[in-house]
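For reference, query09.txt is printed below; it contains compact mmCIF, C-alpha atoms.
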# COMPACT_ATOMS: atom_id res chain seq x y z
CA MET A 1 20.45 72.15 1.55
CA ASP A 2 22.56 75.26 2.11
CA GLY A 3 22.40 77.33 5.29
CA THR A 4 18.96 78.74 4.48
CA ARG A 5 17.64 75.56 2.81
CA ARG A 6 16.89 77.38 -0.45
CA VAL A 7 15.07 75.76 -3.36
CA LEU A 8 16.37 77.41 -6.53
CA ASP A 9 15.66 77.44 -10.24
CA ALA A 10 19.34 77.53 -11.09
CA ASP A 11 22.34 76.04 -12.85
CA VAL A 12 25.24 74.32 -11.09
CA LEU A 13 28.71 74.92 -12.50
CA VAL A 14 31.29 72.24 -11.70
CA GLU A 15 35.00 72.69 -12.27
CA ASN A 16 37.91 70.48 -11.22
CA GLY A 17 35.66 68.26 -9.13
CA ARG A 18 34.11 71.07 -7.12
CA ILE A 19 31.06 73.30 -7.32
CA LYS A 20 32.22 76.63 -8.70
CA ALA A 21 28.91 78.49 -8.80
CA VAL A 22 25.17 78.07 -8.24
CA GLY A 23 22.80 80.41 -10.09
CA ARG A 24 21.42 81.34 -13.47
CA SER A 25 23.99 80.96 -16.24
CA ASP A 26 24.21 81.91 -19.90
CA GLY A 27 26.31 78.82 -20.58
CA ARG A 28 29.62 80.66 -20.48
CA THR A 29 32.10 79.58 -17.81
CA GLY A 30 35.04 81.83 -18.46
CA GLY A 31 37.21 78.86 -19.39
CA ARG A 32 38.85 78.22 -22.72
CA SER A 33 37.07 74.97 -23.52
CA LYS A 34 33.37 74.43 -24.09
CA PRO A 35 31.79 72.94 -20.96
CA THR A 36 30.06 69.57 -20.85
CA THR A 37 26.38 70.19 -20.17
CA ILE A 38 23.85 67.86 -18.59
CA ASP A 39 20.39 69.19 -19.36
CA CYS A 40 18.36 68.90 -16.15
CA SER A 41 15.36 70.92 -17.31
CA GLY A 42 12.29 69.81 -15.39
CA LEU A 43 14.41 67.65 -13.08
CA VAL A 44 15.55 68.09 -9.48
CA VAL A 45 19.23 68.49 -8.56
CA LEU A 46 20.10 67.45 -5.00
CA PRO A 47 23.24 66.97 -2.96
CA GLY A 48 24.33 63.35 -3.19
CA LEU A 49 22.69 61.29 -0.45
CA VAL A 50 24.91 60.00 2.35
CA GLN A 51 24.48 56.71 4.22
CA ALA A 52 26.54 56.56 7.38
CA HIS A 53 26.13 52.88 8.27
CA ILE A 54 26.66 50.23 5.61
CA HIS A 55 28.19 46.71 5.55
CA LEU A 56 29.23 46.13 1.95
CA CYS A 57 30.79 42.81 2.92
CA GLN A 58 27.25 41.54 3.63
CA THR A 59 25.64 42.40 0.29
CA LEU A 60 26.05 38.81 -0.93
CA PHE A 61 24.12 37.60 2.14
CA ARG A 62 20.86 39.24 1.04
CA GLY A 63 17.92 36.89 1.65
CA LEU A 64 20.01 34.43 3.67
CA ALA A 65 19.26 35.73 7.17
CA ASP A 66 15.63 36.81 7.29
CA ASP A 67 13.19 36.80 10.22
CA LEU A 68 15.72 36.31 13.01
CA SER A 69 16.55 38.26 16.17
CA LEU A 70 19.83 40.16 16.05
CA GLU A 71 21.67 37.63 18.20
CA ALA A 72 20.51 34.63 16.14
CA TRP A 73 21.02 36.60 12.92
CA LEU A 74 24.68 37.15 13.83
CA ALA A 75 25.50 33.73 15.29
CA LYS A 76 23.62 31.51 12.81
CA ARG A 77 24.10 33.45 9.59
CA ILE A 78 26.26 36.55 9.45
CA TRP A 79 29.34 35.46 11.36
CA PRO A 80 29.68 32.11 9.54
CA LEU A 81 29.21 33.86 6.20
CA GLU A 82 31.71 36.61 7.00
CA ALA A 83 34.26 34.02 8.11
CA ALA A 84 33.87 32.24 4.75
CA HIS A 85 34.72 35.33 2.68
CA THR A 86 37.60 35.32 0.21
CA GLU A 87 39.20 38.25 -1.61
CA ALA A 88 37.03 37.50 -4.64
CA SER A 89 33.79 37.38 -2.66
CA ILE A 90 34.58 40.60 -0.75
CA HIS A 91 35.29 42.37 -4.05
CA ALA A 92 32.09 41.04 -5.61
CA SER A 93 30.04 41.98 -2.53
CA ALA A 94 31.43 45.52 -2.46
CA MET A 95 30.85 46.01 -6.19
CA LEU A 96 27.26 44.79 -5.94
CA GLY A 97 26.47 47.02 -2.98
CA ALA A 98 28.25 50.10 -4.31
CA ALA A 99 26.50 49.77 -7.69
CA GLU A 100 23.11 49.59 -5.99
CA LEU A 101 23.98 52.61 -3.86
CA LEU A 102 25.14 54.77 -6.75
CA LEU A 103 22.18 53.88 -8.96
CA GLY A 104 19.91 54.83 -6.05
CA GLY A 105 21.48 58.24 -5.49
CA THR A 106 23.79 57.49 -2.56
CA THR A 107 27.15 59.10 -3.32
CA ALA A 108 28.95 58.68 0.02
CA ILE A 109 28.99 55.96 2.67
CA LEU A 110 30.51 54.99 5.99
CA ASP A 111 31.20 51.27 5.63
CA MET A 112 32.23 48.52 8.04
CA GLU A 113 33.84 45.52 6.39
CA THR A 114 34.61 42.16 8.00
CA VAL A 115 37.94 41.20 9.61
CA CYS A 116 39.67 39.95 6.43
CA HIS A 117 40.35 41.09 2.87
CA THR A 118 39.59 44.78 3.40
CA ASP A 119 42.01 45.67 0.60
CA ALA A 120 39.67 43.94 -1.85
CA ALA A 121 36.77 46.15 -0.74
CA PHE A 122 38.83 49.31 -1.18
CA GLU A 123 39.91 48.18 -4.64
CA ALA A 124 36.25 47.81 -5.61
CA LEU A 125 35.36 51.21 -4.12
CA GLU A 126 38.22 52.85 -5.95
CA ALA A 127 37.14 51.36 -9.28
CA ILE A 128 33.42 52.08 -9.09
CA GLY A 129 33.75 55.73 -8.12
CA ILE A 130 31.72 56.10 -4.93
CA ARG A 131 32.90 58.28 -2.05
CA ALA A 132 33.56 55.95 0.85
CA THR A 133 34.99 55.86 4.32
CA ALA A 134 35.56 52.20 5.15
CA GLY A 135 37.39 50.10 7.68
CA LYS A 136 38.35 46.61 8.73
CA CYS A 137 36.09 45.16 11.43
CA LEU A 138 37.84 44.60 14.77
CA MET A 139 36.91 41.72 17.09
CA ASP A 140 39.31 40.50 19.80
CA SER A 141 37.26 39.55 22.87
CA GLN A 142 36.79 35.97 24.00
CA SER A 143 33.04 36.30 23.40
CA SER A 144 33.66 36.86 19.67
CA PRO A 145 33.28 33.87 17.32
CA ALA A 146 36.56 31.99 17.02
CA ALA A 147 36.57 32.19 13.23
CA LEU A 148 36.58 36.01 13.34
CA ARG A 149 38.47 36.66 16.57
CA GLU A 150 41.97 38.13 16.23
CA ARG A 151 44.84 38.92 18.57
CA THR A 152 44.59 42.51 19.69
CA ASP A 153 48.01 43.51 18.39
CA THR A 154 47.44 41.77 15.06
CA ALA A 155 44.09 43.47 14.49
CA LEU A 156 45.45 46.89 15.39
CA ALA A 157 48.58 46.51 13.27
CA GLU A 158 46.59 45.52 10.19
CA SER A 159 44.18 48.41 10.73
CA ALA A 160 47.05 50.87 11.02
CA ASP A 161 48.60 49.52 7.81
CA LEU A 162 45.28 49.77 5.96
CA CYS A 163 44.85 53.33 7.19
CA ALA A 164 48.32 54.28 5.97
CA LYS A 165 47.53 52.78 2.55
CA TRP A 166 43.97 53.94 1.92
CA HIS A 167 43.21 57.02 4.03
CA GLU A 168 42.77 60.06 1.75
CA SER A 169 43.46 57.93 -1.35
CA ALA A 170 41.83 58.31 -4.78
CA GLY A 171 42.27 62.06 -4.53
CA GLY A 172 40.62 62.11 -1.10
CA ARG A 173 37.50 60.26 -2.27
CA LEU A 174 38.43 57.20 -0.17
CA ARG A 175 39.11 57.43 3.55
CA TYR A 176 39.78 54.90 6.29
CA CYS A 177 37.86 54.47 9.52
CA PHE A 178 38.65 52.34 12.55
CA ALA A 179 35.75 49.94 12.99
CA PRO A 180 35.48 47.98 16.26
CA ARG A 181 32.34 45.91 15.77
CA PHE A 182 30.65 46.71 19.06
CA ALA A 183 31.66 46.85 22.70
CA PRO A 184 30.91 43.19 23.59
CA SER A 185 33.18 41.94 20.80
CA CYS A 186 36.16 44.12 21.74
CA THR A 187 38.47 44.37 24.72
CA GLY A 188 38.94 47.67 26.50
CA ALA A 189 42.58 47.65 25.43
CA LEU A 190 41.60 47.47 21.76
CA LEU A 191 39.01 50.24 22.09
CA ARG A 192 41.44 52.58 23.82
CA ALA A 193 44.09 51.87 21.19
CA VAL A 194 41.56 52.54 18.42
CA SER A 195 40.81 55.94 19.93
CA ASP A 196 44.51 56.82 19.92
CA LEU A 197 45.12 55.54 16.39
CA ALA A 198 42.11 57.37 14.97
CA GLU A 199 43.11 60.64 16.59
CA LYS A 200 46.66 60.42 15.24
CA ALA A 201 45.47 59.56 11.72
CA GLY A 202 42.59 62.05 11.62
CA ALA A 203 40.25 59.13 10.94
CA MET A 204 36.68 58.38 12.04
CA ILE A 205 35.66 55.62 14.44
CA HIS A 206 32.64 53.58 13.30
CA THR A 207 30.91 51.13 15.62
CA HIS A 208 27.51 49.87 16.83
CA ALA A 209 25.91 50.90 20.11
CA ALA A 210 22.76 50.32 22.16
CA GLU A 211 21.07 48.22 19.49
CA THR A 212 19.32 45.76 21.84
CA PRO A 213 18.64 45.38 25.57
CA LEU A 214 20.83 42.26 25.62
CA GLU A 215 23.76 44.31 24.34
CA LEU A 216 23.24 46.88 27.11
CA ASP A 217 23.04 44.16 29.74
CA THR A 218 26.20 42.50 28.45
CA VAL A 219 28.22 45.71 28.55
CA LYS A 220 26.92 46.54 32.03
CA ARG A 221 27.79 43.10 33.32
CA GLU A 222 31.27 43.02 31.79
CA THR A 223 32.35 46.62 32.43
CA GLY A 224 30.15 47.92 35.23
CA HIS A 225 29.14 50.87 33.03
CA ASP A 226 26.19 51.82 30.88
CA GLU A 227 27.24 51.42 27.25
CA ILE A 228 27.31 55.09 26.19
CA ALA A 229 29.33 55.97 29.31
CA TYR A 230 31.66 53.03 28.71
CA LEU A 231 32.36 54.02 25.12
CA ASP A 232 33.14 57.54 26.27
CA SER A 233 35.52 56.18 28.92
CA VAL A 234 37.59 54.41 26.24
CA GLY A 235 37.62 57.44 23.93
CA ILE A 236 34.83 56.52 21.50
CA SER A 237 32.72 59.66 21.53
CA GLY A 238 32.62 63.12 20.03
CA PRO A 239 32.50 64.36 16.42
CA GLY A 240 35.05 61.75 15.33
CA ALA A 241 32.83 58.82 16.33
CA ALA A 242 29.73 57.42 14.59
CA LEU A 243 27.51 55.08 16.63
CA ALA A 244 25.07 53.02 14.59
CA HIS A 245 21.55 52.43 15.97
CA CYS A 246 21.35 53.85 19.54
CA VAL A 247 17.86 52.41 19.83
CA TRP A 248 17.99 51.79 23.58
CA VAL A 249 19.15 55.10 25.01
CA ASP A 250 17.45 57.08 27.78
CA LYS A 251 17.16 60.83 28.37
CA ASP A 252 20.49 60.98 30.18
CA ASP A 253 22.26 59.13 27.35
CA ILE A 254 20.74 61.53 24.82
CA GLN A 255 21.97 64.56 26.76
CA VAL A 256 25.45 63.06 26.95
CA LEU A 257 25.52 62.27 23.22
CA ALA A 258 24.38 65.80 22.41
CA ARG A 259 26.99 67.35 24.68
CA GLN A 260 29.73 65.16 23.18
CA ARG A 261 28.56 65.91 19.61
CA THR A 262 28.83 62.18 18.91
CA ASN A 263 27.25 61.12 15.60
CA ILE A 264 24.25 58.79 15.81
CA VAL A 265 23.29 56.76 12.74
CA HIS A 266 19.62 55.87 12.48
CA CYS A 267 18.87 52.63 10.60
CA PRO A 268 15.07 52.37 10.65
CA SER A 269 14.62 49.45 8.23
CA SER A 270 17.22 47.32 9.99
CA ASN A 271 15.86 48.12 13.45
CA LEU A 272 12.35 47.16 12.36
CA LYS A 273 13.33 43.98 10.50
CA LEU A 274 15.46 42.64 13.35
CA GLY A 275 12.83 43.67 15.90
CA SER A 276 15.33 45.86 17.74
CA GLY A 277 12.97 48.77 18.27
CA ILE A 278 12.52 52.39 17.24
CA ALA A 279 15.27 54.85 18.10
CA PRO A 280 14.06 58.10 19.77
CA ILE A 281 15.31 60.28 16.94
CA PRO A 282 13.05 63.34 17.47
CA GLU A 283 14.14 63.48 21.11
CA MET A 284 17.78 63.30 19.96
CA LEU A 285 17.29 66.09 17.44
CA ASP A 286 15.49 68.25 20.00
CA ALA A 287 18.45 67.78 22.36
CA GLY A 288 20.88 68.89 19.64
CA CYS A 289 22.31 65.49 18.70
CA ARG A 290 24.03 64.93 15.36
CA VAL A 291 21.98 62.31 13.46
CA ALA A 292 22.53 60.58 10.11
CA ILE A 293 20.82 57.64 8.41
CA GLY A 294 21.97 54.33 6.95
CA ALA A 295 20.49 51.19 5.45
CA ASP A 296 22.85 48.89 7.43
CA GLY A 297 23.56 45.66 5.51
CA ALA A 298 21.60 43.89 2.80
CA PRO A 299 20.69 40.85 4.97
CA CYS A 300 18.84 42.99 7.54
CA ASN A 301 17.09 45.47 5.28
CA ASN A 302 17.16 44.10 2.38
CA ARG A 303 17.67 47.23 0.27
CA LEU A 304 20.45 49.80 0.34
CA ASP A 305 18.00 52.58 -0.49
CA ALA A 306 18.34 56.03 1.08
CA PHE A 307 14.85 57.01 -0.10
CA ASP A 308 13.37 54.10 1.86
CA GLU A 309 15.32 55.14 4.95
CA MET A 310 14.27 58.79 4.71
CA ARG A 311 10.61 57.88 4.33
CA LEU A 312 10.67 55.33 7.15
CA ALA A 313 12.65 57.63 9.46
CA ALA A 314 9.84 60.16 9.19
CA LEU A 315 6.90 57.74 9.31
CA ILE A 316 7.79 55.50 12.26
CA GLN A 317 7.95 58.39 14.72
CA LYS A 318 4.44 59.67 14.00
CA PRO A 319 2.48 56.98 15.93
CA ARG A 320 4.65 57.74 18.99
CA LEU A 321 4.75 61.52 18.89
CA GLY A 322 2.18 62.78 16.42
CA PRO A 323 2.04 63.54 12.69
CA ASP A 324 4.39 66.52 12.93
CA ALA A 325 7.24 64.43 14.39
CA LEU A 326 10.30 64.39 12.12
CA PRO A 327 8.91 66.28 9.10
CA ALA A 328 10.11 65.71 5.55
CA ALA A 329 12.67 68.53 5.51
CA GLN A 330 14.32 67.12 8.62
CA ALA A 331 14.46 63.62 7.11
CA LEU A 332 16.17 65.02 4.02
CA GLU A 333 18.69 66.76 6.25
CA LEU A 334 19.56 63.45 7.94
CA ALA A 335 20.36 61.96 4.51
CA THR A 336 22.56 64.86 3.41
CA LEU A 337 24.15 67.17 5.96
CA GLY A 338 23.64 64.70 8.81
CA GLY A 339 25.53 62.05 6.89
CA ALA A 340 28.24 64.51 5.91
CA LYS A 341 28.88 65.26 9.59
CA ALA A 342 29.00 61.55 10.44
CA LEU A 343 31.74 61.10 7.83
CA GLY A 344 33.63 64.15 9.13
CA LEU A 345 33.01 65.82 5.77
CA GLU A 346 30.44 68.54 6.52
CA THR A 347 32.69 71.19 4.94
CA GLU A 348 33.06 69.09 1.78
CA ILE A 349 29.69 67.46 0.97
CA GLY A 350 26.01 67.46 1.98
CA SER A 351 24.83 70.66 0.29
CA ILE A 352 25.04 72.40 -3.07
CA GLU A 353 27.34 75.32 -2.33
CA ALA A 354 30.28 76.91 -4.11
CA GLY A 355 33.55 75.36 -2.97
CA LYS A 356 32.12 72.01 -1.93
CA CYS A 357 32.85 68.73 -3.71
CA ALA A 358 30.62 68.11 -6.72
CA ASP A 359 28.62 65.19 -5.33
CA LEU A 360 25.23 65.66 -6.99
CA ILE A 361 22.23 63.60 -8.01
CA VAL A 362 19.42 64.38 -10.43
CA LEU A 363 15.87 63.10 -9.90
CA ASP A 364 13.08 62.74 -12.43
CA LEU A 365 9.81 63.17 -10.55
CA GLU A 366 7.59 62.84 -13.62
CA GLY A 367 6.37 59.40 -12.51
CA LEU A 368 2.74 59.10 -11.51
CA HIS A 369 3.77 58.26 -7.93
CA ALA A 370 5.26 61.76 -7.55
CA GLN A 371 2.43 63.77 -9.12
CA PRO A 372 0.98 66.36 -9.09
CA GLU A 373 4.01 68.53 -9.75
CA ALA A 374 2.52 71.48 -7.84
CA ALA A 375 2.82 69.51 -4.58
CA ASP A 376 5.51 70.52 -2.09
CA LEU A 377 8.89 69.55 -3.55
CA ILE A 378 10.48 68.32 -0.32
CA SER A 379 7.41 66.19 0.35
CA ARG A 380 7.66 64.66 -3.12
CA ILE A 381 11.34 63.83 -2.56
CA VAL A 382 10.99 62.27 0.91
CA TYR A 383 7.55 60.66 0.83
CA SER A 384 7.07 59.85 -2.88
CA ALA A 385 10.43 59.52 -4.65
CA ARG A 386 12.08 56.16 -5.29
CA ALA A 387 15.62 55.08 -6.02
CA ALA A 388 14.48 54.32 -9.57
CA ASP A 389 13.77 58.05 -10.05
CA VAL A 390 17.52 58.81 -10.04
CA ARG A 391 18.67 59.78 -13.54
CA HIS A 392 22.21 61.12 -13.11
CA VAL A 393 24.83 60.84 -10.36
CA ILE A 394 28.05 62.83 -10.08
CA VAL A 395 30.77 62.07 -7.52
CA ASP A 396 33.79 64.32 -7.18
CA GLY A 397 32.82 65.95 -10.46
CA CYS A 398 32.76 62.65 -12.38
CA VAL A 399 29.55 61.35 -13.96
CA VAL A 400 29.14 57.84 -12.54
CA VAL A 401 25.47 57.35 -13.52
CA ARG A 402 23.96 58.86 -16.67
CA ASP A 403 20.36 58.33 -17.74
CA GLY A 404 20.00 55.64 -15.09
CA GLU A 405 22.97 53.62 -16.38
CA LEU A 406 26.13 52.95 -14.35
CA GLN A 407 29.14 54.38 -16.19
CA THR A 408 32.02 53.02 -14.12
CA ALA A 409 31.42 49.26 -14.21
CA ASP A 410 29.64 46.56 -16.19
CA VAL A 411 26.40 45.78 -14.35
CA ALA A 412 26.04 42.39 -16.06
CA LYS A 413 29.51 41.39 -14.82
CA ILE A 414 28.71 42.64 -11.32
CA ARG A 415 25.60 40.44 -11.32
CA ARG A 416 27.47 37.36 -12.60
CA ASP A 417 30.31 37.74 -10.12
CA ALA A 418 27.93 38.34 -7.23
CA ASN A 419 25.84 35.25 -7.93
CA ARG A 420 28.89 33.04 -8.39
CA GLU A 421 30.50 34.17 -5.14
CA ALA A 422 27.22 34.12 -3.19
CA ASN A 423 26.63 30.50 -4.20
CA ALA A 424 30.15 29.58 -3.10
CA LEU A 425 29.71 31.33 0.25
CA ARG A 426 26.41 29.62 0.92
CA ALA A 427 27.85 26.20 0.13
CA LYS A 428 30.88 26.85 2.32
CA ALA A 429 29.18 28.45 5.32
CA LEU A 430 25.51 27.53 5.51
CA ASP A 431 24.68 24.33 3.69
CA ARG A 432 26.44 22.29 6.34
CA LEU A 433 24.78 24.00 9.31
Representation of the structure as structure tokens:
Amino acid sequence: MDGTRRVLDADVLVENGRIKAVGRSDGRTGGRSKPTTIDCSGLVVLPGLVQAHIHLCQTLFRGLADDLSLEAWLAKRIWPLEAAHTEASIHASAMLGAAELLLGGTTAILDMETVCHTDAAFEALEAIGIRATAGKCLMDSQSSPAALRERTDTALAESADLCAKWHESAGGRLRYCFAPRFAPSCTGALLRAVSDLAEKAGAMIHTHAAETPLELDTVKRETGHDEIAYLDSVGISGPGAALAHCVWVDKDDIQVLARQRTNIVHCPSSNLKLGSGIAPIPEMLDAGCRVAIGADGAPCNNRLDAFDEMRLAALIQKPRLGPDALPAAQALELATLGGAKALGLETEIGSIEAGKCADLIVLDLEGLHAQPEAADLISRIVYSARAADVRHVIVDGCVVVRDGELQTADVAKIRRDANREANALRAKALDRL
């Protein structure tokens, strides 16, 4: 995924967490100590996949909010469950989601937590070894649910404190983002303050936009502006902003987003499951928009699988625009370099190039579902590969998955903790509804 999209028969040399060289090697590195070698003969080495819209706080809600419209999904399930979270359940939810992501080849994420206990999520992310940009969810408008609504100054102060604590922590592997939930849940004062805080801290802004017609109508009624124009008016646009979904945008919106260089995060599984629609991604790419992909949260997907999202991103456009719409190579770009841009890390991750961070995954495509081996490699990766084909994962030069086994945490403990906390959340938030 370098500038010329080369496919190489080569070795990758990693030193001090970064890629030192890409090319044929005789095994000598020039260093004094013997290098650690991972034999990838017959396997495929890729840049780590990037998902630019995730809700790790919702991983414990998987299977609890199916077959609902977005508005009912939020009001009847997600908001009550988020309000019931404790530090222990947030930690368990983040560990479960991050483990699934790493085992499936996702090495970097842009994550929106809920309004409370964001420290617990960062502690989980630090321990498990994923690269993450995460932030506390902000909700201060009167239309927000009372159990999650905060005073504007309180929400902003806590966000600023979290940013000071976690931004560029863990050697730069962890970063903070400011995460207003979406325009209807936030006051204009909060959104303008977020823009200022993010600019001063050098942090991303992560929010939702144009997911449903009802959302557009609400923003128009309350602000007098179309949503994309409104977000721009309060400073949420440009390369430092990532807008999840953007399903309901017109040609003018697309031109504006392209001109702004605002990041758009395509979540095909979530948009299909919630019945939100199909985002006009080929039109966005043709206009020059910056586009990434994401699985969204476990209760509206229900997998956190970048391979699923790549495949779907390509397939769902073809009935609209023809079989050549969004080809495999473009889908792979959304999951690598597109995601890197959405995290503000395009100079650090997203391709296998000397000087970049060593975020790498290794696929075994020997399974029958990816045969024959003479088929086009990019096609095999995007249309045939599965998360289960991931053999090794390296983040920041550290091996976090080897031979399909997580190295940084006990999977059995993650499972036990997740089930215990999920049962408690359900009893607290849903059984009495």
Inset, instruction - For Glu283 of chain A, work out the shell of residues within 12 Å, counting all atoms listed in the file and skipping chain neighbours fewer than 2 positions away, then give it as number ranges by chain. - result: A: 247, 249-255, 257-258, 278-281, 285-291, 317, 320-321, 325-326
Inset, instruction - Just the residues within 6 Å of segment 101-110 of chain A, please, counting only C-alpha atoms, with nothing from its chain fewer than 3 positions along; format it as an MDAnalysis selection string. - result: chainID A and resid 48:53 98 130:134 361 387
Legend entry - Non-local contacts of Gly172 of chain A (12 Å; all atoms listed in the file; under 3 positions in same chain excluded) as a PyMOL selection string: chain A and resi 17+126+129-133+166-169+175-176+345+348+357+395-396
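Among the candidate residues A:Leu56, A:Ala340, A:Met1, A:Leu148, the one lying nearest to Arg181 of chain A is A:Leu148, with distances computed using all atoms listed in the file.
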Inset, instruction - Go through A:Asp305, A:Glu222, A:Ile316, A:Gln371 one by one, measure the shortest atom-to-atom distance of each to Arg386 of chain A using all atoms listed in the file, and give the residue with the smallest value. - result: A:Asp305
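Closest approach to Asp140 of chain A from the set A:Thr86, A:Ser25, A:Asn419, A:Thr187 is made by A:Thr187, with distances taken over only C-alpha atoms.
Take atom CA of Arg6 of chain A and atom CA of Val45 of chain A: the distance between them is 12.3 Å.
Distances from A:Ala298, A:Ala241, A:Ala210, A:Ala328 to Glu227 of chain A were compared using only C-alpha atoms, and the smallest one belongs to A:Ala210.
For the residues A:Leu74, A:Cys267, A:Leu274, A:Ile228, ranking by smallest atom-to-atom distance to Ala295 of chain A using all atoms listed in the file places A:Cys267 first.
Between Val382 of chain A and the residues A:Asn423, A:Lys428, A:Asp410, A:Met310, the shortest atom-to-atom distance, using only C-alpha atoms, involves A:Met310.
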Legend entry - Residues within 7 Å of Val393 of chain A, all atoms listed in the file, excluding chain neighbours under 6 positions, as number ranges by chain: A: 105, 360-362, 399-402
Legend entry - Neighbours of point (19.6, 58.6, 7.9) within 6 Å, using all atoms listed in the file, written as number ranges by chain: A: 266, 292-294, 334-335
Inset, instruction - Find the residues with any atom within 12 Å of (19.6, 37.1, 19.8); use only C-alpha atoms and the coordinates as given in the file, and write the answer as a PyMOL selection string. - result: chain A and resi 67-77+211-215+274-276
Save the residues we just selected, C-alpha atoms, as an mmCIF file, keeping the file's coordinate frame?
data_model
loop_
_atom_site.group_PDB
_atom_site.id
_atom_site.type_symbol
_atom_site.label_atom_id
_atom_site.label_comp_id
_atom_site.auth_asym_id
_atom_site.auth_seq_id
_atom_site.Cartn_x
_atom_site.Cartn_y
_atom_site.Cartn_z
ATOM 1 C CA ASP A 67 13.190 36.800 10.220
ATOM 2 C CA LEU A 68 15.720 36.310 13.010
ATOM 3 C CA SER A 69 16.550 38.260 16.170
ATOM 4 C CA LEU A 70 19.830 40.160 16.050
ATOM 5 C CA GLU A 71 21.670 37.630 18.200
ATOM 6 C CA ALA A 72 20.510 34.630 16.140
ATOM 7 C CA TRP A 73 21.020 36.600 12.920
ATOM 8 C CA LEU A 74 24.680 37.150 13.830
ATOM 9 C CA ALA A 75 25.500 33.730 15.290
ATOM 10 C CA LYS A 76 23.620 31.510 12.810
ATOM 11 C CA ARG A 77 24.100 33.450 9.590
ATOM 12 C CA GLU A 211 21.070 48.220 19.490
ATOM 13 C CA THR A 212 19.320 45.760 21.840
ATOM 14 C CA PRO A 213 18.640 45.380 25.570
ATOM 15 C CA LEU A 214 20.830 42.260 25.620
ATOM 16 C CA GLU A 215 23.760 44.310 24.340
ATOM 17 C CA LEU A 274 15.460 42.640 13.350
ATOM 18 C CA GLY A 275 12.830 43.670 15.900
ATOM 19 C CA SER A 276 15.330 45.860 17.740
#
Legend entry - Gap from atom CA of Met204 of chain A to atom CA of Ile54 of chain A - Å, one decimal: 14.4 Å
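Atom to atom, atom CA of Thr4 of chain A and atom CA of Gly23 of chain A stand 15.2 Å apart.
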